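Remarks on the structure that follows.
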Amino acid sequence: MSGGLAIPADVRVVVFDVVGTLVEPWPPVPQAYRDVARRHGIEREIEELRRGFAAAWRRQEALDAAARPAHATSRERERDRWRSIVFDVFAHASASDAIFADLWEHFGRPESWRPLATGSELARSALAAGLEIALASNFDERLHAVAAAVEPLSWATHVFASSELGWRKPAPEFFRMIEGRLGLRPHELLLVGDDPQLDIVAASQAGWHARSIG
């Protein structure tokens with residue numbers, strides 16, 4: 001064990017989920033949505049936006065799970081996903097296109113994210129143990145710019161975004177793609193994440209080691 005992170009002896013790379021594990025959006029998502037909407041003349045309460053975002057997110061997750069093949073994705077699908085979420089949250093308001101464009105840009109900027117203390121400490125402990133760390137996220141290509149500029153994301157040697165892998169967690173193919181790119185076997189990888197299903201259960205079912213930050 002190093003710094004609170006139990007690392008099995010056969011692990012060669014520690015793979016970290018990103019959002020909710022190593023970083024969080026700042027300001028929080030509902031506030032960012034409110035601030036951008038205000039610039040386009042639309043007023044919404046924070047709690048209304050929080051509920052609307054959660055419902056819209058669940059709808060998109062359900063669509064991906066029901067698709068054939070399940071959880072397949074692409075750059076186009078990820079952009080469409082976020083456009084659909086924004087349109088749902090703002091009930092297809094006339095300014096939805098402009099709000100979406102601003103939010104897409106906002107969450108692609110490094111300054112819109114801040115590190116999480118627990119995840120940062122676990123990443124530091126993995127490096128102290130002499131292991132490489134990688135990022136694996138249901139994000140899109142914007143992750144690369146964020147990861148290059150925000151610690152602890154910038155400590156990673158490899159960055160894997162679902163839009164580029166072609167699969168979202170919890171698809172087994174998500175994990176197979178990473179194994180192939182790293183040239184490693186499942187038992188040589190440890191996933192650290194915050195989501196019980198998308199991270200811990202999915203990685204375990206793929207044959208990886210898995211640890212929760214909770």
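Residue names in the structure tokens use chain letters A, B, ... in the order shown, residue numbers from 1 in each chain, and ligand numbers from 1 in the order shown.
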Exercise. Identify, on the basis of only C-alpha atoms, every residue whose closest approach to Leu165 (chain A) does not exceed 10 Å; exclude the query and any residue fewer than 6 positions from it along the same chain; express the result as an MDAnalysis selection string.
Key: chainID A and resid 72:75 136:138 140 173:178 181
Selection from above, all heavy atoms, as a tab-separated table (two decimals), in the first residue's frame, can you write it?
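What ended up in selection19.tsv:
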chain	number	residue	atom	x	y	z
A	72	ALA	N	-21.59	2.40	-27.60
A	72	ALA	CA	-20.68	2.84	-28.67
A	72	ALA	C	-20.78	4.35	-28.78
A	72	ALA	O	-21.85	4.94	-28.55
A	72	ALA	CB	-21.04	2.19	-29.99
A	73	THR	N	-19.69	5.01	-29.14
A	73	THR	CA	-19.72	6.46	-29.23
A	73	THR	C	-18.74	6.94	-30.29
A	73	THR	O	-18.05	6.16	-30.95
A	73	THR	CB	-19.43	7.11	-27.86
A	73	THR	OG1	-19.77	8.51	-27.92
A	73	THR	CG2	-17.97	6.96	-27.44
A	74	SER	N	-18.66	8.25	-30.43
A	74	SER	CA	-17.77	8.89	-31.41
A	74	SER	C	-17.69	10.36	-31.04
A	74	SER	O	-18.41	10.84	-30.15
A	74	SER	CB	-18.35	8.76	-32.82
A	74	SER	OG	-19.58	9.47	-32.91
A	75	ARG	N	-16.85	11.08	-31.73
A	75	ARG	CA	-16.78	12.52	-31.47
A	75	ARG	C	-18.11	13.19	-31.77
A	75	ARG	O	-18.57	14.06	-31.03
A	75	ARG	CB	-15.67	13.14	-32.33
A	75	ARG	CG	-14.27	12.72	-31.93
A	75	ARG	CD	-13.22	13.43	-32.76
A	75	ARG	NE	-11.87	13.07	-32.32
A	75	ARG	CZ	-10.76	13.60	-32.81
A	75	ARG	NH1	-10.85	14.51	-33.78
A	75	ARG	NH2	-9.58	13.24	-32.35
A	136	ALA	N	-8.62	7.73	-18.04
A	136	ALA	CA	-9.61	7.06	-18.88
A	136	ALA	C	-10.98	7.61	-18.50
A	136	ALA	O	-11.44	7.41	-17.37
A	136	ALA	CB	-9.57	5.55	-18.68
A	137	SER	N	-11.63	8.28	-19.45
A	137	SER	CA	-12.82	9.03	-19.09
A	137	SER	C	-13.88	8.98	-20.18
A	137	SER	O	-13.56	8.90	-21.37
A	137	SER	CB	-12.43	10.50	-18.86
A	137	SER	OG	-13.55	11.31	-18.61
A	138	ASN	N	-15.14	9.06	-19.75
A	138	ASN	CA	-16.26	9.27	-20.68
A	138	ASN	C	-16.31	10.75	-21.03
A	138	ASN	O	-17.28	11.45	-20.75
A	138	ASN	CB	-17.58	8.82	-20.05
A	138	ASN	CG	-17.74	7.32	-20.06
A	138	ASN	OD1	-16.95	6.59	-20.68
A	138	ASN	ND2	-18.77	6.83	-19.39
A	140	ASP	N	-14.57	13.72	-24.09
A	140	ASP	CA	-14.27	13.79	-25.52
A	140	ASP	C	-12.89	14.42	-25.69
A	140	ASP	O	-12.14	14.56	-24.72
A	140	ASP	CB	-15.35	14.61	-26.24
A	140	ASP	CG	-15.59	15.94	-25.55
A	140	ASP	OD1	-14.71	16.82	-25.62
A	140	ASP	OD2	-16.64	16.09	-24.89
A	173	GLU	N	-15.60	-3.12	-24.23
A	173	GLU	CA	-14.71	-2.68	-25.30
A	173	GLU	C	-13.88	-1.45	-24.90
A	173	GLU	O	-12.76	-1.25	-25.40
A	173	GLU	CB	-15.52	-2.37	-26.56
A	173	GLU	CG	-16.17	-3.58	-27.19
A	173	GLU	CD	-17.56	-3.86	-26.65
A	173	GLU	OE1	-17.95	-3.27	-25.60
A	173	GLU	OE2	-18.28	-4.66	-27.28
A	174	PHE	N	-14.44	-0.62	-24.03
A	174	PHE	CA	-13.69	0.54	-23.51
A	174	PHE	C	-12.38	0.08	-22.88
A	174	PHE	O	-11.30	0.62	-23.16
A	174	PHE	CB	-14.56	1.27	-22.48
A	174	PHE	CG	-13.92	2.47	-21.83
A	174	PHE	CD1	-14.08	3.74	-22.37
A	174	PHE	CD2	-13.17	2.34	-20.67
A	174	PHE	CE1	-13.50	4.86	-21.76
A	174	PHE	CE2	-12.58	3.44	-20.06
A	174	PHE	CZ	-12.75	4.70	-20.60
A	175	PHE	N	-12.47	-0.95	-22.06
A	175	PHE	CA	-11.30	-1.46	-21.36
A	175	PHE	C	-10.37	-2.23	-22.30
A	175	PHE	O	-9.14	-2.13	-22.19
A	175	PHE	CB	-11.75	-2.33	-20.19
A	175	PHE	CG	-12.59	-1.56	-19.20
A	175	PHE	CD1	-13.98	-1.57	-19.29
A	175	PHE	CD2	-12.00	-0.80	-18.21
A	175	PHE	CE1	-14.76	-0.84	-18.41
A	175	PHE	CE2	-12.76	-0.07	-17.32
A	175	PHE	CZ	-14.15	-0.09	-17.42
A	176	ARG	N	-10.95	-2.97	-23.25
A	176	ARG	CA	-10.14	-3.71	-24.21
A	176	ARG	C	-9.30	-2.75	-25.08
A	176	ARG	O	-8.14	-3.04	-25.40
A	176	ARG	CB	-11.03	-4.57	-25.12
A	176	ARG	CG	-11.87	-5.62	-24.43
A	176	ARG	CD	-11.07	-6.79	-23.93
A	176	ARG	NE	-10.56	-6.62	-22.57
A	176	ARG	CZ	-11.25	-6.95	-21.46
A	176	ARG	NH1	-12.46	-7.46	-21.55
A	176	ARG	NH2	-10.71	-6.78	-20.28
A	177	MET	N	-9.90	-1.63	-25.46
A	177	MET	CA	-9.18	-0.66	-26.28
A	177	MET	C	-7.97	-0.11	-25.52
A	177	MET	O	-6.87	0.04	-26.09
A	177	MET	CB	-10.10	0.49	-26.68
A	177	MET	CG	-11.19	0.11	-27.67
A	177	MET	SD	-10.54	-0.26	-29.33
A	177	MET	CE	-9.95	1.35	-29.83
A	178	ILE	N	-8.14	0.18	-24.23
A	178	ILE	CA	-7.04	0.71	-23.45
A	178	ILE	C	-5.94	-0.34	-23.29
A	178	ILE	O	-4.75	-0.04	-23.42
A	178	ILE	CB	-7.54	1.20	-22.07
A	178	ILE	CG1	-8.46	2.41	-22.28
A	178	ILE	CG2	-6.37	1.55	-21.15
A	178	ILE	CD1	-9.15	2.88	-21.02
A	181	ARG	N	-3.94	-0.45	-26.48
A	181	ARG	CA	-3.06	0.71	-26.70
A	181	ARG	C	-1.87	0.72	-25.76
A	181	ARG	O	-0.80	1.21	-26.12
A	181	ARG	CB	-3.87	2.00	-26.58
A	181	ARG	CG	-4.91	2.13	-27.69
A	181	ARG	CD	-5.50	3.50	-27.79
A	181	ARG	NE	-6.52	3.56	-28.84
A	181	ARG	CZ	-7.08	4.68	-29.25
A	181	ARG	NH1	-6.74	5.84	-28.72
A	181	ARG	NH2	-7.99	4.66	-30.21
Exercise. Check the DSSP output for the backbone and give back, as an MDAnalysis selection string, the residues of region 45-204 of chain A in strand (DSSP E or B).
Key: chainID A and resid 72 113:115 132:137 158:161 167 189:193
Practice problem: Give the alpha helix (DSSP H) residues of region 111-184 of chain A, as assigned by DSSP on the backbone, as an NGL selection string. | Solution: :A and (117-128 or 142-149 or 162-165 or 172-182)
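CA of Arg185 (chain A) lies 8.6 Å from CA of Trp208 (chain A).
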With a distance cut-off of 9 Å and only C-alpha atoms, select the neighbouring residues of Glu132 (chain A), excluding the residue or stretch itself and same-chain residues fewer than 2 positions from it, and output the selection as a PDB file with all heavy atoms, in the first residue's frame.
ATOM      1  N   ARG A  12       0.894  -2.625 -13.461  1.00  0.00           N
ATOM      2  CA  ARG A  12       1.957  -1.841 -14.106  1.00  0.00           C
ATOM      3  C   ARG A  12       1.546  -0.401 -14.379  1.00  0.00           C
ATOM      4  O   ARG A  12       2.397   0.489 -14.448  1.00  0.00           O
ATOM      5  CB  ARG A  12       2.378  -2.526 -15.408  1.00  0.00           C
ATOM      6  CG  ARG A  12       3.030  -3.889 -15.167  1.00  0.00           C
ATOM      7  CD  ARG A  12       3.426  -4.549 -16.464  1.00  0.00           C
ATOM      8  NE  ARG A  12       4.341  -3.718 -17.255  1.00  0.00           N
ATOM      9  CZ  ARG A  12       4.717  -3.994 -18.500  1.00  0.00           C
ATOM     10  NH1 ARG A  12       4.252  -5.088 -19.089  1.00  0.00           N
ATOM     11  NH2 ARG A  12       5.543  -3.199 -19.141  1.00  0.00           N
ATOM     12  N   VAL A  13       0.239  -0.170 -14.582  1.00  0.00           N
ATOM     13  CA  VAL A  13      -0.264   1.185 -14.814  1.00  0.00           C
ATOM     14  C   VAL A  13      -1.522   1.386 -13.976  1.00  0.00           C
ATOM     15  O   VAL A  13      -2.396   0.517 -13.961  1.00  0.00           O
ATOM     16  CB  VAL A  13      -0.588   1.434 -16.305  1.00  0.00           C
ATOM     17  CG1 VAL A  13      -1.205   2.816 -16.496  1.00  0.00           C
ATOM     18  CG2 VAL A  13       0.665   1.284 -17.166  1.00  0.00           C
ATOM     19  N   VAL A  14      -1.596   2.528 -13.287  1.00  0.00           N
ATOM     20  CA  VAL A  14      -2.802   2.897 -12.547  1.00  0.00           C
ATOM     21  C   VAL A  14      -3.589   3.869 -13.416  1.00  0.00           C
ATOM     22  O   VAL A  14      -3.079   4.919 -13.819  1.00  0.00           O
ATOM     23  CB  VAL A  14      -2.473   3.529 -11.190  1.00  0.00           C
ATOM     24  CG1 VAL A  14      -3.764   3.873 -10.438  1.00  0.00           C
ATOM     25  CG2 VAL A  14      -1.606   2.597 -10.356  1.00  0.00           C
ATOM     26  N   VAL A  15      -4.813   3.497 -13.737  1.00  0.00           N
ATOM     27  CA  VAL A  15      -5.661   4.268 -14.641  1.00  0.00           C
ATOM     28  C   VAL A  15      -6.718   4.993 -13.801  1.00  0.00           C
ATOM     29  O   VAL A  15      -7.461   4.362 -13.056  1.00  0.00           O
ATOM     30  CB  VAL A  15      -6.346   3.355 -15.678  1.00  0.00           C
ATOM     31  CG1 VAL A  15      -7.194   4.184 -16.639  1.00  0.00           C
ATOM     32  CG2 VAL A  15      -5.297   2.550 -16.441  1.00  0.00           C
ATOM     33  N   ALA A 126       0.604   6.702  -6.454  1.00  0.00           N
ATOM     34  CA  ALA A 126       0.914   5.774  -7.543  1.00  0.00           C
ATOM     35  C   ALA A 126       2.261   6.121  -8.173  1.00  0.00           C
ATOM     36  O   ALA A 126       3.083   5.225  -8.457  1.00  0.00           O
ATOM     37  CB  ALA A 126      -0.189   5.803  -8.592  1.00  0.00           C
ATOM     38  N   LEU A 127       2.506   7.396  -8.382  1.00  0.00           N
ATOM     39  CA  LEU A 127       3.790   7.815  -8.939  1.00  0.00           C
ATOM     40  C   LEU A 127       4.932   7.501  -7.980  1.00  0.00           C
ATOM     41  O   LEU A 127       6.005   7.059  -8.404  1.00  0.00           O
ATOM     42  CB  LEU A 127       3.754   9.315  -9.246  1.00  0.00           C
ATOM     43  CG  LEU A 127       2.834   9.754 -10.384  1.00  0.00           C
ATOM     44  CD1 LEU A 127       2.771  11.277 -10.451  1.00  0.00           C
ATOM     45  CD2 LEU A 127       3.298   9.182 -11.711  1.00  0.00           C
ATOM     46  N   GLY A 130       6.395   4.209  -8.213  1.00  0.00           N
ATOM     47  CA  GLY A 130       7.150   3.922  -9.429  1.00  0.00           C
ATOM     48  C   GLY A 130       6.298   3.486 -10.601  1.00  0.00           C
ATOM     49  O   GLY A 130       6.815   2.922 -11.572  1.00  0.00           O
ATOM     50  N   ALA A 134      -2.433   6.784 -15.983  1.00  0.00           N
ATOM     51  CA  ALA A 134      -3.149   7.120 -17.211  1.00  0.00           C
ATOM     52  C   ALA A 134      -4.526   7.649 -16.838  1.00  0.00           C
ATOM     53  O   ALA A 134      -5.011   7.442 -15.712  1.00  0.00           O
ATOM     54  CB  ALA A 134      -3.283   5.890 -18.104  1.00  0.00           C
ATOM     55  N   TRP A 155      -0.058  14.878 -14.819  1.00  0.00           N
ATOM     56  CA  TRP A 155       0.940  13.882 -14.429  1.00  0.00           C
ATOM     57  C   TRP A 155       0.814  12.594 -15.231  1.00  0.00           C
ATOM     58  O   TRP A 155       1.698  11.751 -15.201  1.00  0.00           O
ATOM     59  CB  TRP A 155       0.789  13.534 -12.942  1.00  0.00           C
ATOM     60  CG  TRP A 155       0.859  14.701 -12.016  1.00  0.00           C
ATOM     61  CD1 TRP A 155       1.346  15.953 -12.283  1.00  0.00           C
ATOM     62  CD2 TRP A 155       0.409  14.737 -10.652  1.00  0.00           C
ATOM     63  NE1 TRP A 155       1.233  16.766 -11.185  1.00  0.00           N
ATOM     64  CE2 TRP A 155       0.659  16.052 -10.154  1.00  0.00           C
ATOM     65  CE3 TRP A 155      -0.171  13.801  -9.802  1.00  0.00           C
ATOM     66  CZ2 TRP A 155       0.342  16.426  -8.862  1.00  0.00           C
ATOM     67  CZ3 TRP A 155      -0.488  14.168  -8.503  1.00  0.00           C
ATOM     68  CH2 TRP A 155      -0.235  15.467  -8.034  1.00  0.00           C
ATOM     69  N   ALA A 156      -0.280  12.439 -15.930  1.00  0.00           N
ATOM     70  CA  ALA A 156      -0.553  11.192 -16.643  1.00  0.00           C
ATOM     71  C   ALA A 156       0.301  11.064 -17.907  1.00  0.00           C
ATOM     72  O   ALA A 156       0.533  12.039 -18.623  1.00  0.00           O
ATOM     73  CB  ALA A 156      -2.022  11.103 -17.001  1.00  0.00           C
ATOM     74  N   THR A 157       0.729   9.852 -18.174  1.00  0.00           N
ATOM     75  CA  THR A 157       1.492   9.556 -19.382  1.00  0.00           C
ATOM     76  C   THR A 157       0.578   9.304 -20.577  1.00  0.00           C
ATOM     77  O   THR A 157       0.951   9.578 -21.725  1.00  0.00           O
ATOM     78  CB  THR A 157       2.372   8.314 -19.151  1.00  0.00           C
ATOM     79  OG1 THR A 157       3.146   8.502 -17.969  1.00  0.00           O
ATOM     80  CG2 THR A 157       3.298   8.080 -20.328  1.00  0.00           C
ATOM     81  N   HIS A 158      -0.620   8.791 -20.325  1.00  0.00           N
ATOM     82  CA  HIS A 158      -1.565   8.450 -21.388  1.00  0.00           C
ATOM     83  C   HIS A 158      -2.940   9.044 -21.048  1.00  0.00           C
ATOM     84  O   HIS A 158      -3.351   9.047 -19.887  1.00  0.00           O
ATOM     85  CB  HIS A 158      -1.710   6.935 -21.533  1.00  0.00           C
ATOM     86  CG  HIS A 158      -0.402   6.223 -21.689  1.00  0.00           C
ATOM     87  ND1 HIS A 158       0.248   6.123 -22.905  1.00  0.00           N
ATOM     88  CD2 HIS A 158       0.380   5.579 -20.787  1.00  0.00           C
ATOM     89  CE1 HIS A 158       1.371   5.441 -22.739  1.00  0.00           C
ATOM     90  NE2 HIS A 158       1.474   5.100 -21.463  1.00  0.00           N
TER      91      HIS A 158
END
